[in-house]
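A.B. asks: Structure provided below as structure tokens; questions to follow.
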Amino acid sequence: MKLSNLKLLLCLFLAVGLTHVRAQEDDEVEIFDVDEIAEEEDDYEIGPSQDVETAVLFPDYPDKRFELGEIIKVLFMVNNKGDMGFNVTHVFASLRSPYDYNYHIQNFSIMPVGTLVLPGRQASFEYLFKPDVSLEPTDFWLTAEVIYNSSEDRMYKSAIFNGTVELVEKNAEVDVTKVFKYLIGLAVVGFSIHYFYNMNNPKKSFAYTSAPTTTTYEDEVFSLKQQTKSEDGRAINRAVRRKTSKNKKKSKKK
């Protein structure tokens, strides 16, 4: 069965809620040592059974860029394509140096499972781990493995995931799309408030008056002269009219 088909099958099994074991991060969970488990088994085989296939998903981090200090969820499936049952006993994971596989950076909890996968059946599981927040944000090698026993009491170990992952600081990068949506939301809210405010409070008309003009001393003197000339002119006109009227009267008497 191809890996892509296994992943699709894993999604289907998780959707319908097939055997689902969750590895909790709890102080009360017993921690096991892989070497000690191996020593207790006489027929321990380093490596997977040819009758077992695995598939894995990181639903919250499909790009395999894990945030430091955050719980990482691993969903994986065990597919038994053989003719005997396998008992899944433990799941574990570790971060290693990408330059030296034998150099362990952080070992995560080894969780007991205890789930029997019958021949021709599959089972899905959930495992949680948390990269230490003090680690440097860079590339690491992540190894996640599952230990299981056959019905013949032989122990096997299969890799769930074995590859490079990147650890990043939480919120180290700004999601441009989220910021853009946030700004659009603010603009819509602001426009709505402005629109409804103007609807409920129409603008009042104001009578504007011209600003008072300022005059200088020279302007006042000029105005007075013009007024004086106007008054003198009117007085002269009155005197001329009176004299003209008297002359007319004298001419009538003669």
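In the structure tokens, chains take letters A, B, ... by order of appearance, with residues numbered from 1 within each chain and ligands from 1 in the order shown.
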Contacts of Tyr103 of chain A at 12 Å or less, counting only C-alpha atoms, minus same-chain residues fewer than 6 places along, as a list in words?
C.D. replies: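 What passes the distance filter is Ser94, Leu95, Arg96, Ser97, Phe140, Trp141, Leu142 and Thr143 of chain A.
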A.B. asks: Could the residues in this selection be written to a file with N, CA and C atoms, as an mmCIF file, in the first residue's frame?
C.D. replies:
```cif
data_model
loop_
_atom_site.group_PDB
_atom_site.id
_atom_site.type_symbol
_atom_site.label_atom_id
_atom_site.label_comp_id
_atom_site.auth_asym_id
_atom_site.auth_seq_id
_atom_site.Cartn_x
_atom_site.Cartn_y
_atom_site.Cartn_z
ATOM 1 N N SER A 94 12.075 11.666 19.815
ATOM 2 C CA SER A 94 13.243 12.411 20.293
ATOM 3 C C SER A 94 13.711 13.365 19.214
ATOM 4 N N LEU A 95 14.333 14.442 19.668
ATOM 5 C CA LEU A 95 14.989 15.393 18.764
ATOM 6 C C LEU A 95 16.478 15.110 18.780
ATOM 7 N N ARG A 96 17.045 15.085 17.590
ATOM 8 C CA ARG A 96 18.474 14.794 17.470
ATOM 9 C C ARG A 96 19.155 15.861 16.618
ATOM 10 N N SER A 97 20.455 15.850 16.669
ATOM 11 C CA SER A 97 21.218 16.783 15.846
ATOM 12 C C SER A 97 21.074 16.397 14.379
ATOM 13 N N PHE A 140 16.109 20.527 13.258
ATOM 14 C CA PHE A 140 16.470 19.368 14.064
ATOM 15 C C PHE A 140 15.993 18.117 13.337
ATOM 16 N N TRP A 141 16.541 16.991 13.771
ATOM 17 C CA TRP A 141 16.090 15.703 13.241
ATOM 18 C C TRP A 141 15.124 15.092 14.248
ATOM 19 N N LEU A 142 13.902 14.844 13.801
ATOM 20 C CA LEU A 142 12.878 14.258 14.666
ATOM 21 C C LEU A 142 12.719 12.780 14.338
ATOM 22 N N THR A 143 12.803 11.959 15.381
ATOM 23 C CA THR A 143 12.565 10.527 15.241
ATOM 24 C C THR A 143 11.401 10.139 16.141
#
```
A.B. asks: Name the residues of segment 26-182 of chain A that fall into alpha helix (DSSP H) according to DSSP on the backbone, using the chain letters and numbers of this document, as a PyMOL selection string.
C.D. replies: chain A and resi 34-39+176-182
A.B. asks: Write out, as a PDB file, in the first residue's frame, the residues just selected, with N, CA and C atoms.
C.D. replies:
```
ATOM      1  N   VAL A  34      13.938   2.693  26.463  1.00  0.00           N
ATOM      2  CA  VAL A  34      13.844   1.764  25.346  1.00  0.00           C
ATOM      3  C   VAL A  34      14.816   0.602  25.502  1.00  0.00           C
ATOM      4  N   ASP A  35      16.029   0.881  25.949  1.00  0.00           N
ATOM      5  CA  ASP A  35      17.027  -0.185  26.097  1.00  0.00           C
ATOM      6  C   ASP A  35      16.595  -1.191  27.147  1.00  0.00           C
ATOM      7  N   GLU A  36      15.979  -0.697  28.252  1.00  0.00           N
ATOM      8  CA  GLU A  36      15.504  -1.602  29.289  1.00  0.00           C
ATOM      9  C   GLU A  36      14.386  -2.494  28.767  1.00  0.00           C
ATOM     10  N   ILE A  37      13.505  -1.908  27.950  1.00  0.00           N
ATOM     11  CA  ILE A  37      12.435  -2.705  27.361  1.00  0.00           C
ATOM     12  C   ILE A  37      13.007  -3.779  26.467  1.00  0.00           C
ATOM     13  N   ALA A  38      14.042  -3.445  25.715  1.00  0.00           N
ATOM     14  CA  ALA A  38      14.653  -4.408  24.804  1.00  0.00           C
ATOM     15  C   ALA A  38      15.329  -5.538  25.554  1.00  0.00           C
ATOM     16  N   GLU A  39      15.982  -5.204  26.673  1.00  0.00           N
ATOM     17  CA  GLU A  39      16.694  -6.219  27.434  1.00  0.00           C
ATOM     18  C   GLU A  39      15.744  -7.219  28.060  1.00  0.00           C
ATOM     19  N   VAL A 176       0.595  37.765   7.223  1.00  0.00           N
ATOM     20  CA  VAL A 176       0.170  38.938   6.454  1.00  0.00           C
ATOM     21  C   VAL A 176      -1.327  38.873   6.166  1.00  0.00           C
ATOM     22  N   THR A 177      -1.811  37.696   5.868  1.00  0.00           N
ATOM     23  CA  THR A 177      -3.236  37.549   5.546  1.00  0.00           C
ATOM     24  C   THR A 177      -4.102  37.927   6.734  1.00  0.00           C
ATOM     25  N   LYS A 178      -3.729  37.468   7.923  1.00  0.00           N
ATOM     26  CA  LYS A 178      -4.512  37.786   9.115  1.00  0.00           C
ATOM     27  C   LYS A 178      -4.471  39.279   9.416  1.00  0.00           C
ATOM     28  N   VAL A 179      -3.290  39.877   9.252  1.00  0.00           N
ATOM     29  CA  VAL A 179      -3.173  41.318   9.497  1.00  0.00           C
ATOM     30  C   VAL A 179      -4.029  42.095   8.516  1.00  0.00           C
ATOM     31  N   PHE A 180      -4.017  41.686   7.241  1.00  0.00           N
ATOM     32  CA  PHE A 180      -4.809  42.363   6.220  1.00  0.00           C
ATOM     33  C   PHE A 180      -6.301  42.252   6.536  1.00  0.00           C
ATOM     34  N   LYS A 181      -6.743  41.065   6.927  1.00  0.00           N
ATOM     35  CA  LYS A 181      -8.151  40.884   7.288  1.00  0.00           C
ATOM     36  C   LYS A 181      -8.513  41.722   8.508  1.00  0.00           C
ATOM     37  N   TYR A 182      -7.591  41.816   9.448  1.00  0.00           N
ATOM     38  CA  TYR A 182      -7.840  42.608  10.649  1.00  0.00           C
ATOM     39  C   TYR A 182      -8.000  44.083  10.301  1.00  0.00           C
TER      40      TYR A 182
END
```
A.B. asks: Please indicate the distance in Å from atom CA of Val91 of chain A to atom CA of Pro62 of chain A, rounded to one decimal place.
C.D. replies: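 That distance, rounded to one decimal, is 20.5 Å.
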A.B. asks: Quick one: residues within 7 Å of Met84 of chain A, only C-alpha atoms counted, chain neighbours fewer than 6 positions away excluded, as an NGL selection string?
C.D. replies: :A and (118-119 or 151)
A.B. asks: Fewer than 2 positions away in the same chain doesn't count, so skip those; otherwise give me all residues within 10 Å of Asp83 of chain A, counting only C-alpha atoms, as a PyMOL selection string.
C.D. replies: chain A and resi 51+80-81+85-86+118-120
A.B. asks: Pull all heavy atoms from the residues just selected and write them as a PDB file, in the first residue's frame.
C.D. replies:
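File produced: again-v4.pdb:
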```
ATOM      1  N   ASP A  51       5.287  -7.069   7.969  1.00  0.00           N
ATOM      2  CA  ASP A  51       3.830  -7.100   7.890  1.00  0.00           C
ATOM      3  C   ASP A  51       3.182  -5.829   8.458  1.00  0.00           C
ATOM      4  O   ASP A  51       1.954  -5.754   8.538  1.00  0.00           O
ATOM      5  CB  ASP A  51       3.286  -8.316   8.654  1.00  0.00           C
ATOM      6  CG  ASP A  51       3.693  -9.629   8.004  1.00  0.00           C
ATOM      7  OD1 ASP A  51       3.832  -9.641   6.764  1.00  0.00           O
ATOM      8  OD2 ASP A  51       3.885 -10.625   8.730  1.00  0.00           O
ATOM      9  N   ASN A  80      -1.746  -3.495   9.884  1.00  0.00           N
ATOM     10  CA  ASN A  80      -1.295  -4.879   9.978  1.00  0.00           C
ATOM     11  C   ASN A  80      -1.754  -5.631   8.733  1.00  0.00           C
ATOM     12  O   ASN A  80      -2.919  -5.982   8.586  1.00  0.00           O
ATOM     13  CB  ASN A  80      -1.857  -5.539  11.240  1.00  0.00           C
ATOM     14  CG  ASN A  80      -1.358  -6.965  11.412  1.00  0.00           C
ATOM     15  OD1 ASN A  80      -0.577  -7.471  10.612  1.00  0.00           O
ATOM     16  ND2 ASN A  80      -1.819  -7.623  12.475  1.00  0.00           N
ATOM     17  N   LYS A  81      -0.820  -5.886   7.827  1.00  0.00           N
ATOM     18  CA  LYS A  81      -1.160  -6.585   6.588  1.00  0.00           C
ATOM     19  C   LYS A  81      -0.753  -8.054   6.626  1.00  0.00           C
ATOM     20  O   LYS A  81      -0.783  -8.735   5.599  1.00  0.00           O
ATOM     21  CB  LYS A  81      -0.493  -5.880   5.406  1.00  0.00           C
ATOM     22  CG  LYS A  81       1.032  -5.817   5.495  1.00  0.00           C
ATOM     23  CD  LYS A  81       1.614  -5.112   4.284  1.00  0.00           C
ATOM     24  CE  LYS A  81       3.144  -5.116   4.341  1.00  0.00           C
ATOM     25  NZ  LYS A  81       3.736  -4.467   3.155  1.00  0.00           N
ATOM     26  N   GLY A  85      -1.655 -11.179  14.789  1.00  0.00           N
ATOM     27  CA  GLY A  85      -1.878  -9.904  15.445  1.00  0.00           C
ATOM     28  C   GLY A  85      -0.604  -9.304  16.007  1.00  0.00           C
ATOM     29  O   GLY A  85       0.374  -9.997  16.282  1.00  0.00           O
ATOM     30  N   PHE A  86      -0.638  -7.954  16.153  1.00  0.00           N
ATOM     31  CA  PHE A  86       0.472  -7.227  16.765  1.00  0.00           C
ATOM     32  C   PHE A  86      -0.079  -6.356  17.888  1.00  0.00           C
ATOM     33  O   PHE A  86      -1.082  -5.650  17.708  1.00  0.00           O
ATOM     34  CB  PHE A  86       1.203  -6.351  15.741  1.00  0.00           C
ATOM     35  CG  PHE A  86       2.000  -7.123  14.739  1.00  0.00           C
ATOM     36  CD1 PHE A  86       1.474  -7.417  13.489  1.00  0.00           C
ATOM     37  CD2 PHE A  86       3.278  -7.576  15.054  1.00  0.00           C
ATOM     38  CE1 PHE A  86       2.208  -8.129  12.563  1.00  0.00           C
ATOM     39  CE2 PHE A  86       4.022  -8.291  14.117  1.00  0.00           C
ATOM     40  CZ  PHE A  86       3.478  -8.577  12.874  1.00  0.00           C
ATOM     41  N   LEU A 118      -5.363  -6.462  14.970  1.00  0.00           N
ATOM     42  CA  LEU A 118      -5.619  -7.780  14.402  1.00  0.00           C
ATOM     43  C   LEU A 118      -5.139  -7.868  12.953  1.00  0.00           C
ATOM     44  O   LEU A 118      -4.948  -6.838  12.289  1.00  0.00           O
ATOM     45  CB  LEU A 118      -7.109  -8.095  14.479  1.00  0.00           C
ATOM     46  CG  LEU A 118      -7.700  -8.175  15.899  1.00  0.00           C
ATOM     47  CD1 LEU A 118      -9.214  -8.357  15.827  1.00  0.00           C
ATOM     48  CD2 LEU A 118      -7.043  -9.280  16.708  1.00  0.00           C
ATOM     49  N   PRO A 119      -4.952  -9.082  12.442  1.00  0.00           N
ATOM     50  CA  PRO A 119      -4.529  -9.232  11.047  1.00  0.00           C
ATOM     51  C   PRO A 119      -5.513  -8.573  10.087  1.00  0.00           C
ATOM     52  O   PRO A 119      -6.732  -8.694  10.233  1.00  0.00           O
ATOM     53  CB  PRO A 119      -4.516 -10.758  10.857  1.00  0.00           C
ATOM     54  CG  PRO A 119      -4.323 -11.311  12.227  1.00  0.00           C
ATOM     55  CD  PRO A 119      -5.037 -10.374  13.147  1.00  0.00           C
ATOM     56  N   GLY A 120      -4.969  -7.862   9.132  1.00  0.00           N
ATOM     57  CA  GLY A 120      -5.787  -7.177   8.141  1.00  0.00           C
ATOM     58  C   GLY A 120      -6.518  -5.958   8.667  1.00  0.00           C
ATOM     59  O   GLY A 120      -7.383  -5.402   7.975  1.00  0.00           O
TER      60      GLY A 120
END
```
A.B. asks: Figure out the distance between atom CA of Asp139 of chain A and atom CA of Tyr61 of chain A, please, to one decimal in Å.
C.D. replies: 14.7 Å
A.B. asks: Hey, can you check how far atom CA of Asp132 of chain A sits from atom CA of Thr115 of chain A?
C.D. replies: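 It comes out at 29.2 Å.
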A.B. asks: Could you write out, as a PyMOL selection string, all the residues of segment 46-159 of chain A that DSSP marks as strand (DSSP E)?
C.D. replies: chain A and resi 52-57+65-67+72-80+86-96+104-107+111-117+122-129+139-150+155-159
A.B. asks: Between A:Leu75, A:Leu57, A:Leu186, A:Ile105, which residue has the minimum interatomic distance to Glu136 of chain A, considering only C-alpha atoms?
C.D. replies: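 Selected residue with least distance to Glu136 of chain A: A:Ile105.
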